[in-house]
Each structure stands twice: as C-alpha cells, then as structure tokens.
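Undergrad: I'd like to ask some things about the structure below.
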Amino acid sequence: AQSVTQLDSQVPVFEEAPVELRCNYSSSVSVYLFWYVQYPNQGLQLLLKYLSGSTLVKGINGFEAEFNKSQTSFHLRKPSVHISDTAEYFCAVQRGTSYGKLTFGQGTILTVHP
Amino acid sequence: NAGVTQTPKFRILKIGQSMTLQCTQDMNHNYMYWYRQDPGMGLKLIYYSVGAGITDKGEVPNGYNVSRSTTEDFPLRLELAAPSQTSVYFCASSPREGAGTGELFFGEGSRLTVL
C-alpha cells in the first residue's frame with residue numbers, strides 16, 4: 001500500500017513571495033504523483049502530474065513540482081504567489097495499475113496575504 | 001459545459017435515515033468514483049466503477065452502496081445514516097485513458113451532516 005504525507009497543514013505567505021508545499025510519499029511499487037487544488041466551495045482540479053521522464057513538471061497557474069525518487073518527495077513550488085492562489089492543495093499518488101484510485105495526503109491550506 | 005454534477009449540495013439527515021447522493025457526468029467517461037473528504041484527512045475512496053454494470057469497493061465502503069446502470073449516472077446510497085458519515089462527498093469521473101494517469105474530473109461536492 002502507498003501513503004502520502006503533507007508536512008504542513010497550513011502555510012501563510014505574503015503576496016509575491018515564493019512558496020513551497022511539501023509532500024512525501026511511500027510505496028513499494030512505482031507510482032504516479034499529482035497535485036490537486038481545491039478553491040473554496042469547489043471540487044478539486046488537477047494542478048500538475050508526474051508520470052515519467054523529466055523530474056521537473058510544470059502545471060497551471062505558474063506552479064511546478066520536482067520528483068525526487070531518492071527522497072520520495074514531490075514538493076510543489078511557485079516563485080511568486082498571488083492572492084488568487086489561496087486554496088487547499090492536495091498531493092496524491094496512484095499505483096500505475098490502479099486506474100483513478102488515488103491516495104491523497106491530508107491537504108495544505110495556502111493563505112496568501114496582501 | 002456541465003461536467004460532473006452532484007445533487008444535493010447540502011443535506012441534513014437524522015441518525016438511521018437513508019438517502020441517495022446523485023452524480024451524473026456528460027463527458028462520456030467510463031470511470032467514475034466516490035470520495036469522501038474529512039477535515040485534516042484528505043480524500044478517501046468509497047467506491048468506483050469502470051463502466052456500466054461494474055462497481056467495486058474502495059478504501060472505506062462500509063455503510064454505502066452504489067450502482068451504475070448507465071455510463072452517465074453513479075448514485076451513492078447511504079443506508080442507516082450514522083454521525084460518522086458526516087462528511088463532504090465528491091463524485092469524480094475519468095476517461096479510460098485519463099484514468100490510467102490519475103486525471104480525475106471532480107464535482108463540486110455534497111455536504112452531508114448526520115445528527
């Protein structure tokens with residue numbers, strides 16, 4: 001079985017500052033990795049995904065994440081955040097054969113202050 | 001573009017009552033899922049379906065039932081509601097090729113409170 005740990009439950013930052021949301025995972029088999037974002041009172045949207053290839057993946061809204069196999073991490077970064085980035089962010093993993101059956105982390109609430 | 005539509009958005013139930021959360025998608029996706037979201041716990045998979053007539057249990061299926069008679073609809077039934085079922089429920093769908101890559105399309109959620 002796989003598991004996901006998001007190391008910060010809440011991250012407050014000021015507008016235009018950089019941000020990193022941390023995610024570690026454990027799995028005995030190869031996995032795919034994802035970041036989803038949930039804006040207030042909405043469903044989740046896919047932000048970015050790592051399937052294979054380049055370990056640095058870019059997503060929507062200027063976010064990027066780096067897959068580090070040796071550290072089993074998949075941290076999400078943005079060099080300059082905006083007020084509109086305020087949301088809850090979920091890291092998730094999927095075994096290659098487990099179609100759509102994601103294991104989610106606990107979520108990190110990002111609050112961007114003016 | 002409706003996408004994944006869930007009804008109702010909010011519902012309060014008394015202990016022991018039953019109800020059905022409706023989910024429909026208009027994207028002709030083969031795969032559909034029900035997740036529940038509890039504060040600080042992330043989302044957990046309740047049931048999923050890979051096509052009409054085929055359903056299977058996820059991580060937390062106890063107290064729930066599903067059916068998939070059409071490609072579009074995937075209702076979630078709660079029998080004998082309990083306070084532990086107070087949660088936000090999300091329905092999601094994925095095309096066959098997208099399901100292999102974990103790209104799910106979520107509805108806006110149904111917030112259920114059991115008192």
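Residue numbers start at 1 in each chain; chains themselves are named A, B, ... in the order of the structure tokens; ligands are numbered from 1 in the order shown.
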Could you list the residues in chain A lying within 9 Å of chain B, using only C-alpha atoms, and format the result as a list in words?

TA: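 Therefore, the residues near the partner are Ser9, Tyr32, Leu33, Phe34, Asn41, Gln42, Gly43, Leu44, Gln45, Leu46, Lys49, Tyr50, Leu51, Phe90, Val93, Gln94, Gly96, Thr97, Ser98, Tyr99, Gly100, Lys101, Leu102, Thr103, Phe104, Gly105, Gln106, Gly107 and Thr108 of chain A.
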
Undergrad: How would you write, as a ChimeraX atom specification, the set of residues in chain B that DSSP gives as strand (DSSP E or B)?

TA: /B:4-7,10-13,19-25,31-38,42-51,54-57,64-66,73,76-78,87-94,105-106,110-114

Undergrad: Hey, can you spit out that residue selection with C-alpha atoms as an mmCIF file, in the first residue's frame?

TA:
```cif
data_model
loop_
_atom_site.group_PDB
_atom_site.id
_atom_site.type_symbol
_atom_site.label_atom_id
_atom_site.label_comp_id
_atom_site.auth_asym_id
_atom_site.auth_seq_id
_atom_site.Cartn_x
_atom_site.Cartn_y
_atom_site.Cartn_z
ATOM 1 C CA VAL B 4 -19.755 16.311 -13.193
ATOM 2 C CA THR B 5 -22.949 17.356 -11.427
ATOM 3 C CA GLN B 6 -23.800 16.365 -7.868
ATOM 4 C CA THR B 7 -27.089 16.788 -6.026
ATOM 5 C CA PHE B 10 -26.283 20.202 1.244
ATOM 6 C CA ARG B 11 -28.334 17.788 3.312
ATOM 7 C CA ILE B 12 -29.030 17.166 6.966
ATOM 8 C CA LEU B 13 -30.074 13.661 7.976
ATOM 9 C CA MET B 19 -30.649 8.864 1.275
ATOM 10 C CA THR B 20 -29.063 8.839 -2.158
ATOM 11 C CA LEU B 21 -26.446 11.269 -3.410
ATOM 12 C CA GLN B 22 -26.823 11.731 -7.142
ATOM 13 C CA CYS B 23 -23.931 12.082 -9.574
ATOM 14 C CA THR B 24 -24.115 12.481 -13.328
ATOM 15 C CA GLN B 25 -21.479 13.311 -15.915
ATOM 16 C CA TYR B 31 -14.593 5.559 -14.930
ATOM 17 C CA MET B 32 -16.452 7.104 -12.015
ATOM 18 C CA TYR B 33 -15.587 7.409 -8.328
ATOM 19 C CA TRP B 34 -16.968 8.458 -4.988
ATOM 20 C CA TYR B 35 -14.617 10.013 -2.446
ATOM 21 C CA ARG B 36 -15.316 11.440 0.987
ATOM 22 C CA GLN B 37 -13.374 14.343 2.442
ATOM 23 C CA ASP B 38 -12.960 14.806 6.172
ATOM 24 C CA GLY B 42 -7.631 14.239 2.761
ATOM 25 C CA LEU B 43 -9.939 12.278 0.484
ATOM 26 C CA LYS B 44 -10.682 8.585 0.773
ATOM 27 C CA LEU B 45 -12.137 6.386 -1.952
ATOM 28 C CA ILE B 46 -15.518 4.844 -1.140
ATOM 29 C CA TYR B 47 -16.500 3.054 -4.370
ATOM 30 C CA TYR B 48 -15.555 3.180 -8.003
ATOM 31 C CA SER B 49 -16.838 1.930 -11.351
ATOM 32 C CA VAL B 50 -15.010 1.140 -14.583
ATOM 33 C CA GLY B 51 -18.160 1.071 -16.671
ATOM 34 C CA ILE B 54 -19.366 -2.811 -12.924
ATOM 35 C CA THR B 55 -18.634 -1.464 -9.446
ATOM 36 C CA ASP B 56 -16.031 -2.214 -6.788
ATOM 37 C CA LYS B 57 -15.163 -1.214 -3.254
ATOM 38 C CA TYR B 64 -22.574 2.750 1.492
ATOM 39 C CA ASN B 65 -23.843 1.187 -1.714
ATOM 40 C CA VAL B 66 -23.568 2.161 -5.359
ATOM 41 C CA ASP B 73 -25.001 8.146 -13.577
ATOM 42 C CA LEU B 76 -24.236 6.703 -3.830
ATOM 43 C CA ARG B 77 -26.704 5.260 -1.331
ATOM 44 C CA LEU B 78 -26.378 5.722 2.426
ATOM 45 C CA SER B 87 -18.557 14.498 5.532
ATOM 46 C CA VAL B 88 -18.213 16.164 2.167
ATOM 47 C CA TYR B 89 -18.740 13.715 -0.675
ATOM 48 C CA PHE B 90 -17.136 14.153 -4.065
ATOM 49 C CA CYS B 91 -18.015 12.343 -7.240
ATOM 50 C CA ALA B 92 -15.370 12.204 -9.962
ATOM 51 C CA SER B 93 -15.003 10.769 -13.429
ATOM 52 C CA SER B 94 -12.245 9.977 -15.870
ATOM 53 C CA PHE B 105 -12.707 15.490 -13.010
ATOM 54 C CA PHE B 106 -14.498 16.328 -9.769
ATOM 55 C CA SER B 110 -22.242 17.308 -1.426
ATOM 56 C CA ARG B 111 -22.017 18.310 2.222
ATOM 57 C CA LEU B 112 -23.852 15.829 4.441
ATOM 58 C CA THR B 113 -24.492 16.235 8.155
ATOM 59 C CA VAL B 114 -25.932 13.399 10.238
#
```

Undergrad: When DSSP is applied to the backbone of this structure, which of chain B are assigned alpha helix (DSSP H)? Write them out as a VMD selection string.

TA: chain B and resid 96 to 99

Undergrad: Kindly export the residues of the current selection with N, CA, C and O atoms, as a PDB file, in the first residue's frame.

TA:
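Saved to result_12.pdb:
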```
ATOM      1  N   ARG B  96     -11.179   6.566 -20.004  1.00  0.00           N
ATOM      2  CA  ARG B  96     -10.375   5.350 -19.813  1.00  0.00           C
ATOM      3  C   ARG B  96      -8.887   5.672 -19.832  1.00  0.00           C
ATOM      4  O   ARG B  96      -8.132   5.258 -18.961  1.00  0.00           O
ATOM      5  N   GLU B  97      -8.458   6.481 -20.801  1.00  0.00           N
ATOM      6  CA  GLU B  97      -7.028   6.783 -20.911  1.00  0.00           C
ATOM      7  C   GLU B  97      -6.602   7.728 -19.786  1.00  0.00           C
ATOM      8  O   GLU B  97      -5.485   7.644 -19.292  1.00  0.00           O
ATOM      9  N   GLY B  98      -7.475   8.599 -19.375  1.00  0.00           N
ATOM     10  CA  GLY B  98      -7.144   9.518 -18.280  1.00  0.00           C
ATOM     11  C   GLY B  98      -7.069   8.818 -16.939  1.00  0.00           C
ATOM     12  O   GLY B  98      -6.291   9.206 -16.071  1.00  0.00           O
ATOM     13  N   ALA B  99      -7.882   7.781 -16.782  1.00  0.00           N
ATOM     14  CA  ALA B  99      -7.868   7.063 -15.504  1.00  0.00           C
ATOM     15  C   ALA B  99      -6.504   6.441 -15.262  1.00  0.00           C
ATOM     16  O   ALA B  99      -6.032   6.375 -14.133  1.00  0.00           O
TER      17      ALA B  99
END
```

Undergrad: Considering only C-alpha atoms, can you say which of B:Gly16, B:Ser67, B:Ala2, B:Leu115 comes closest to Glu79 (chain B)?

TA: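 Comparing B:Gly16, B:Ser67, B:Ala2, B:Leu115 against Glu79 (chain B), the winner is B:Gly16.
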
Undergrad: To one decimal in Å, tell me the separation between CA of Gly53 (chain B) and CA of Asn28 (chain B).

TA: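 Between CA of Gly53 (chain B) and CA of Asn28 (chain B) the gap works out to 14.9 Å.
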